[in-house]
Every structure is written in structure tokens, then in C-alpha cells.
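Participant: Got a structure for you, input_4.csv, holding CSV, C-alpha atoms.
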chain,number,residue,atom,x,y,z
A,1,MET,CA,0.0,0.0,0.0
A,2,PHE,CA,1.5,3.3,-1.2
A,3,LYS,CA,-1.1,6.0,-1.2
A,4,ILE,CA,-1.7,9.7,-1.1
A,5,ILE,CA,-5.1,10.3,0.5
A,6,SER,CA,-7.2,13.2,1.9
A,7,GLU,CA,-9.0,11.2,4.5
A,8,VAL,CA,-8.0,10.7,8.2
A,9,ILE,CA,-5.1,8.3,8.8
A,10,THR,CA,-5.4,6.1,11.8
A,11,GLY,CA,-2.4,3.8,11.3
A,12,GLU,CA,-4.5,0.7,11.1
A,13,GLU,CA,-4.6,0.9,7.3
A,14,VAL,CA,-0.8,0.5,7.0
A,15,ARG,CA,-0.5,-1.9,9.9
A,16,GLU,CA,-3.1,-4.2,8.2
A,17,ALA,CA,-1.4,-3.8,4.8
A,18,ALA,CA,2.1,-4.7,6.2
A,19,GLU,CA,1.3,-7.5,8.8
A,20,GLY,CA,1.6,-11.1,7.9
A,21,PRO,CA,2.1,-14.6,9.5
A,22,ASP,CA,5.8,-14.5,8.9
A,23,ALA,CA,6.2,-11.2,10.9
A,24,GLY,CA,7.5,-11.2,14.4
A,25,ALA,CA,7.2,-7.4,14.6
A,26,VAL,CA,5.3,-4.6,13.0
A,27,VAL,CA,7.0,-1.2,13.4
A,28,LEU,CA,4.4,1.6,13.0
A,29,PHE,CA,5.5,5.2,12.6
A,30,LEU,CA,2.9,8.0,12.8
A,31,GLY,CA,3.9,11.6,11.9
A,32,THR,CA,1.6,14.1,13.6
A,33,VAL,CA,1.0,17.8,13.3
A,34,ARG,CA,2.9,19.7,16.1
A,35,ASN,CA,1.5,22.9,17.6
A,36,ASN,CA,4.7,24.8,17.1
A,37,THR,CA,7.8,25.1,14.8
A,38,GLY,CA,10.9,26.3,16.6
A,39,GLY,CA,8.7,27.7,19.3
A,40,ARG,CA,6.4,29.7,16.9
A,41,PRO,CA,2.8,28.7,17.4
A,42,VAL,CA,1.3,26.7,14.4
A,43,LYS,CA,-2.4,26.8,13.7
A,44,CYS,CA,-2.5,24.0,11.1
A,45,LEU,CA,-0.6,22.5,8.3
A,46,GLU,CA,-1.5,22.1,4.6
A,47,TYR,CA,0.0,19.4,2.6
A,48,GLU,CA,0.1,19.1,-1.2
A,49,ALA,CA,1.4,16.2,-3.2
A,50,TYR,CA,2.1,15.1,-6.8
A,51,PRO,CA,0.1,11.9,-6.2
A,52,LEU,CA,1.1,9.7,-9.1
A,53,MET,CA,4.8,10.4,-8.7
A,54,ALA,CA,4.6,10.3,-4.8
A,55,GLU,CA,3.1,6.8,-4.9
A,56,LYS,CA,5.7,5.7,-7.4
A,57,LYS,CA,8.5,7.0,-5.2
A,58,MET,CA,7.0,5.3,-2.1
A,59,ALA,CA,7.0,2.0,-4.0
A,60,GLU,CA,10.7,2.6,-4.9
A,61,ILE,CA,11.6,3.2,-1.3
A,62,ALA,CA,9.9,-0.2,-0.5
A,63,GLN,CA,12.0,-1.8,-3.2
A,64,GLU,CA,15.2,-0.3,-1.6
A,65,ILE,CA,14.1,-1.7,1.8
A,66,SER,CA,13.6,-5.1,0.1
A,67,ASP,CA,17.1,-4.9,-1.4
A,68,LYS,CA,18.8,-3.7,1.9
A,69,TRP,CA,16.9,-5.8,4.5
A,70,GLY,CA,15.1,-8.4,2.5
A,71,LEU,CA,11.8,-7.1,4.0
A,72,ASP,CA,8.8,-7.1,1.6
A,73,ARG,CA,6.1,-6.0,4.0
A,74,VAL,CA,6.2,-2.2,3.8
A,75,ALA,CA,3.2,0.2,3.7
A,76,MET,CA,3.1,4.0,3.5
A,77,VAL,CA,0.3,6.5,3.3
A,78,HIS,CA,0.5,10.3,3.4
A,79,ARG,CA,-2.4,12.7,3.8
A,80,VAL,CA,-2.9,15.9,1.9
A,81,GLY,CA,-5.1,19.0,2.5
A,82,LYS,CA,-5.5,20.9,5.7
A,83,LEU,CA,-4.5,19.1,8.9
A,84,GLU,CA,-5.2,20.2,12.5
A,85,ILE,CA,-2.9,19.9,15.4
A,86,GLY,CA,-2.4,16.3,16.5
A,87,GLU,CA,-3.7,14.8,13.3
A,88,VAL,CA,-1.6,12.2,11.5
A,89,SER,CA,0.1,13.4,8.3
A,90,VAL,CA,2.0,10.2,7.5
A,91,ALA,CA,2.0,6.6,8.5
A,92,VAL,CA,4.7,4.0,7.7
A,93,ALA,CA,4.5,0.3,8.8
A,94,VAL,CA,7.2,-2.3,8.3
A,95,ALA,CA,6.7,-5.9,9.3
A,96,SER,CA,9.7,-8.0,9.9
A,97,PRO,CA,10.7,-11.3,11.4
A,98,HIS,CA,12.7,-9.5,14.1
A,99,ARG,CA,12.4,-6.0,15.5
A,100,LYS,CA,15.9,-4.6,14.8
A,101,ASP,CA,15.5,-4.8,11.0
A,102,GLY,CA,12.0,-3.4,11.3
A,103,PHE,CA,13.1,-0.3,13.3
A,104,GLU,CA,16.0,0.4,11.0
A,105,ALA,CA,13.9,-0.1,7.8
A,106,CYS,CA,11.1,2.2,9.2
A,107,GLN,CA,13.5,4.9,10.0
A,108,TYR,CA,15.0,4.5,6.5
A,109,ALA,CA,11.6,4.7,4.9
A,110,MET,CA,10.8,8.1,6.6
A,111,ASP,CA,14.3,9.5,5.8
A,112,ARG,CA,13.9,8.6,2.2
A,113,LEU,CA,10.3,9.8,2.1
A,114,LYS,CA,11.5,13.3,3.1
A,115,GLN,CA,14.2,13.2,0.4
A,116,ILE,CA,12.5,11.9,-2.7
A,117,VAL,CA,8.7,11.8,-2.4
A,118,PRO,CA,7.1,14.9,-3.9
A,119,ILE,CA,5.0,16.2,-1.1
A,120,TRP,CA,5.0,19.8,0.2
A,121,LYS,CA,4.1,21.3,3.5
A,122,ARG,CA,2.7,24.8,4.2
A,123,GLU,CA,2.8,26.1,7.7
A,124,VAL,CA,-0.1,28.3,8.7
A,125,TRP,CA,1.0,30.2,11.8
A,126,ALA,CA,-1.3,31.1,14.6
A,127,ASP,CA,-0.9,34.8,13.7
A,128,GLY,CA,-2.4,34.1,10.3
A,129,GLU,CA,0.7,34.1,8.1
A,130,ALA,CA,1.5,31.1,6.0
A,131,GLU,CA,4.6,29.9,4.2
A,132,TRP,CA,5.8,26.9,2.2
A,133,VAL,CA,8.5,24.9,4.1
A,134,LYS,CA,11.7,23.8,2.6
A,135,PRO,CA,14.1,21.4,4.2
A,136,ASP,CA,16.4,23.8,5.9
A,137,ALA,CA,14.6,27.1,5.7
A,138,VAL,CA,11.3,28.5,4.6
A,139,PHE,CA,10.1,29.8,1.3
A,140,PHE,CA,8.5,33.1,2.0
A,141,ASP,CA,5.3,33.5,0.1
A,142,ALA,CA,6.4,34.3,-3.4
A,143,PRO,CA,5.6,37.6,-5.0
A,144,LYS,CA,3.5,37.5,-8.1
A,145,PRO,CA,5.0,37.4,-11.5
A,146,HIS,CA,5.6,40.7,-13.3
A,147,LYS,CA,3.4,39.6,-16.2
A,148,THR,CA,0.6,37.3,-16.5
A,149,ALA,CA,0.5,34.5,-19.0
A,150,SER,CA,-1.8,36.4,-21.3
A,151,GLN,CA,0.7,39.2,-21.6
A,152,ILE,CA,3.4,37.0,-22.9
A,153,ASP,CA,4.0,37.4,-26.6
B,1,MET,CA,4.9,18.6,-29.8
B,2,ASN,CA,2.5,19.2,-26.9
B,3,VAL,CA,3.4,18.5,-23.3
B,4,THR,CA,1.7,19.1,-20.0
B,5,VAL,CA,3.6,21.0,-17.4
B,6,LYS,CA,2.6,20.9,-13.7
B,7,TYR,CA,3.4,23.3,-11.0
B,8,PHE,CA,3.2,22.5,-7.3
B,9,ALA,CA,3.4,24.3,-4.0
B,10,VAL,CA,5.6,27.5,-4.2
B,11,CYS,CA,5.8,27.1,-8.0
B,12,HIS,CA,2.0,27.0,-8.3
B,13,GLU,CA,1.8,30.3,-6.3
B,14,MET,CA,4.6,31.9,-8.2
B,15,LEU,CA,3.1,31.2,-11.6
B,16,ASP,CA,-0.5,31.5,-10.4
B,17,ARG,CA,-1.5,28.2,-12.2
B,18,SER,CA,-1.3,24.5,-11.4
B,19,GLU,CA,-0.7,23.2,-14.9
B,20,GLU,CA,-0.8,24.1,-18.6
B,21,GLU,CA,-0.3,22.7,-22.0
B,22,MET,CA,2.9,23.8,-23.8
B,23,GLU,CA,3.6,23.6,-27.5
B,24,LEU,CA,7.3,23.0,-28.0
B,25,PRO,CA,9.6,22.6,-31.0
B,26,ASP,CA,10.9,19.2,-32.0
B,27,GLY,CA,14.0,18.3,-30.0
B,28,ALA,CA,12.9,20.3,-27.0
B,29,THR,CA,14.3,19.4,-23.6
B,30,VAL,CA,13.3,20.2,-20.1
B,31,ASN,CA,15.5,23.3,-20.4
B,32,THR,CA,13.3,24.6,-23.2
B,33,ILE,CA,10.5,24.8,-20.6
B,34,LEU,CA,12.7,26.4,-18.0
B,35,LYS,CA,13.8,29.1,-20.4
B,36,ARG,CA,10.2,29.8,-21.4
B,37,LEU,CA,9.1,30.2,-17.8
B,38,GLU,CA,12.1,32.5,-17.2
B,39,GLU,CA,10.9,34.8,-19.9
B,40,GLU,CA,7.6,35.2,-18.1
B,41,TRP,CA,9.1,35.6,-14.6
B,42,PRO,CA,12.9,36.2,-14.5
B,43,GLU,CA,13.1,35.6,-10.8
B,44,ILE,CA,12.1,32.0,-11.1
B,45,ALA,CA,15.6,31.3,-12.2
B,46,GLU,CA,16.8,31.8,-8.6
B,47,PHE,CA,14.6,28.9,-7.6
B,48,TYR,CA,16.0,26.6,-10.3
B,49,GLU,CA,19.1,25.8,-8.2
B,50,VAL,CA,17.0,24.2,-5.5
B,51,MET,CA,14.3,22.8,-7.7
B,52,GLN,CA,14.1,19.5,-9.5
B,53,MET,CA,12.2,18.5,-12.6
B,54,SER,CA,10.3,15.4,-13.4
B,55,VAL,CA,9.3,13.8,-16.7
B,56,ASN,CA,6.6,11.2,-16.6
B,57,TRP,CA,6.9,10.8,-12.8
B,58,GLU,CA,10.6,10.3,-12.8
B,59,TYR,CA,13.3,12.9,-11.8
B,60,ALA,CA,14.9,14.3,-14.9
B,61,THR,CA,17.7,16.8,-15.8
B,62,GLU,CA,17.4,19.9,-17.8
B,63,ASN,CA,18.9,17.9,-20.7
B,64,THR,CA,16.2,15.3,-20.7
B,65,GLU,CA,14.6,15.2,-24.1
B,66,LEU,CA,10.8,15.5,-24.4
B,67,ALA,CA,8.3,13.7,-26.5
B,68,GLU,CA,4.7,14.3,-27.5
B,69,GLY,CA,2.3,13.8,-24.5
B,70,ASP,CA,5.0,13.9,-21.8
B,71,GLU,CA,4.0,15.1,-18.4
B,72,VAL,CA,6.6,17.4,-16.9
B,73,ALA,CA,6.6,18.9,-13.4
B,74,LEU,CA,8.6,21.5,-11.5
B,75,ILE,CA,9.4,19.9,-8.1
B,76,PRO,CA,10.3,22.4,-5.3
B,77,PRO,CA,12.3,20.9,-2.4
B,78,VAL,CA,10.1,18.2,-0.9
B,79,THR,CA,9.0,18.6,2.7
B,80,GLY,CA,6.6,15.7,3.3
B,81,GLY,CA,6.3,13.8,6.6
B,82,CYS,CA,7.1,15.5,9.8
B,83,ASP,CA,10.1,17.2,11.4
B,84,VAL,CA,11.2,14.5,13.8
Render the structure in this file as C-alpha cells.

Facilitator:
Amino acid sequence: MFKIISEVITGEEVREAAEGPDAGAVVLFLGTVRNNTGGRPVKCLEYEAYPLMAEKKMAEIAQEISDKWGLDRVAMVHRVGKLEIGEVSVAVAVASPHRKDGFEACQYAMDRLKQIVPIWKREVWADGEAEWVKPDAVFFDAPKPHKTASQID
Amino acid sequence: MNVTVKYFAVCHEMLDRSEEEMELPDGATVNTILKRLEEEWPEIAEFYEVMQMSVNWEYATENTELAEGDEVALIPPVTGGCDV
């Protein structure tokens, strides 16, 4: 299961997709919306994705995990749209015969998701401002183009 | 040839549209699209350093050649998941 969805994520969907009789462990990671970033109060987050490519890249991460750990039971789901504080934005489940590989592979899946899966987060601050986040800084809301498309020769 | 170009997140805001059809000359590459966008909004070039491109849902370079019906996207730095 590799999906971009707009519905609430509980974690059950990825756990059920990953679990199996040969698993001795299911590592479940839930990413949730925190009420602040660097101490600045956050009102909510908005996520946007390129769904087809995001799901393709998630499947590629699962293939990397299969190559590295020999684990084939990986499920990932990411939510898009407006998310309130405490809601789940991403869930990853990795089932494995033993817990060590499962923990490592789950951490790897999240690290890779943040590197290659085309999903973007916009922080809406409690004071009403909003900005697109980039990995080590923030894109300030971009100014409008000088010309509109209809003005181009 | 005609291709579809998609804009996400900050690119969507900068260009004030989420996608468009572009008619390109034969032999066009990803760079042809970048140059065309730069004519419309010169400042977008500053973002090119941190941005990636995709062609048909796979990361591409500016030299990637395009074909009729391709789906191209500007990919700003990705920030999915959560900061933990």
C-alpha cells in the first residue's frame, strides 16, 4: 500500500497492509502535526502532493528496503489537505521477522520519504501568516510574476 | 509537440496556475520549458538551483529530451512527513 489520501489516517490501514504470518514485529510510525515550529505557534498544516509520482517513489523506497533488509512488507500513506494539530500526516508500517531490522527499515523509509517523495508542507501560523516549508529554511510567500501568461508574446 | 507542465506548492503560487499545455519545437528538452518560464518571470531562475524537474513521474535533468504527450513537473524541495 503506497497512497496519497485526503482522509484521516489512523495507522490501522498501514498496519493491516504490512502485517503477515511470517512477521514477528510490526513497526508503525505516525507523523503528527505539532503545535509549534521552533517555538512559533502553528495553527494548522496544509500538505500538497504530486500523487502519481509520490506513490511511485514510495514504491521505490519499499524496493530499496527489500534490497537492503530483505523485507517485503512495507506500507506507506500520506495525507494531503488541511490538517489540524495532532492529526496524522504520514504513516509507515514495516513488518519483519525480528524487531531490529523493522526499526531500521522504518527509520530509513521516513528518511527517504523526506528526500524523494514529492509532497510539500505549508505552515499556517497562529498569527495568520503562512509559508511553504523547505528542508532547511522557509520559502516566503512568493511575489506575483511581473506579467501574467496572457501578456506573454 | 505538446506536453503538460505541472506546478506545485511554491511554483503554483509563483506562476498562479497549477498546470498548462505547452507547444514545444521538436528536439525540445526540459531546459526549453525552464527558459520559457524564465521569460515570463525572470526571478524564477533563482529557484532553479534548489528545484528539481520530473518527466513522466521520474526525476529528470534539464537535458532530458521530451516527446509528445509527456507530463513534466517542477518539483520544489520536498517537505513531506514531519520534522522528527

Participant: I'd like to know which of B:Glu46, B:Ser54, B:Gly81, B:Asn2 is closest to chain A, using all atoms listed in the file.

Facilitator: B:Gly81

Participant: Pick the closest to A:Ser66 from A:Val80, A:Leu28, A:Ala109, A:Ile116: which is it, counting only C-alpha atoms?

Facilitator: A:Ala109

Participant: Pick the closest to A:Ile119 from B:Ala9, B:Glu39, B:Asp16, B:Ile44: which is it, counting all atoms listed in the file?

Facilitator: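 Under the stated criterion, the closest residue is B:Ala9.
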
Participant: So, with only C-alpha atoms as the atoms that count, which of B:Ala45, B:Val78, B:Ala60, B:Val5 lies closest to chain A?

Facilitator: B:Val78

Participant: Find the residues of chain B in contact range of chain A, meaning any atom within 6 Å when counting only C-alpha atoms, and list them as a list in words.

Facilitator: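 My answer is Met14, Trp41, Trp57, Pro77, Val78, Thr79, Gly80, Gly81 and Cys82 of chain B.
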
Participant: Just to confirm, what's the straight-line distance from atom CA of B:Thr29 to atom CA of B:Thr61 in Å (one decimal)?

Facilitator: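 Between atom CA of B:Thr29 and atom CA of B:Thr61 the gap works out to 8.9 Å.
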
Participant: Using all atoms listed in the file, list the residues that have an atom at most 9 Å from (10.2, 13.6, -17.4), coordinates as in the file, as a count of residues only.

Facilitator: 17

Participant: Please report the interatomic distance between atom CA of B:Phe47 and atom CA of B:Ser18 in Å with one decimal.

Facilitator: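 The value is 16.9 Å.
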
Participant: What does the distance between atom CA of A:Ile9 and atom CA of A:Ala95 come to in Å, to one decimal place?

Facilitator: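 These two atoms are separated by 18.5 Å.
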
Participant: Quick one: of B:Phe8, B:Pro76, B:Leu15, B:Val3, who's nearest to B:Ala28, counting all atoms listed in the file?

Facilitator: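 Closest residue, counting all atoms listed in the file: B:Val3.
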
Participant: Considering all atoms listed in the file, state which residue in the set B:Glu49, B:Met1, B:Ile75, B:Asn63 is at the smallest distance from B:Leu24.

Facilitator: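 That would be B:Met1, the residue with the smallest distance to B:Leu24.
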
Participant: Skip stretch 38-45 of chain A itself and residues of its chain fewer than 5 positions away, then list as a list of chain:residue names all residues within 9 Å of it, counting only C-alpha atoms.

Facilitator: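 Returned residues: A:Val33, A:Gly81, A:Lys82, A:Leu83, A:Glu84, A:Ile85, A:Lys121, A:Arg122, A:Glu123, A:Val124, A:Trp125, A:Ala126, A:Asp127, A:Gly128.
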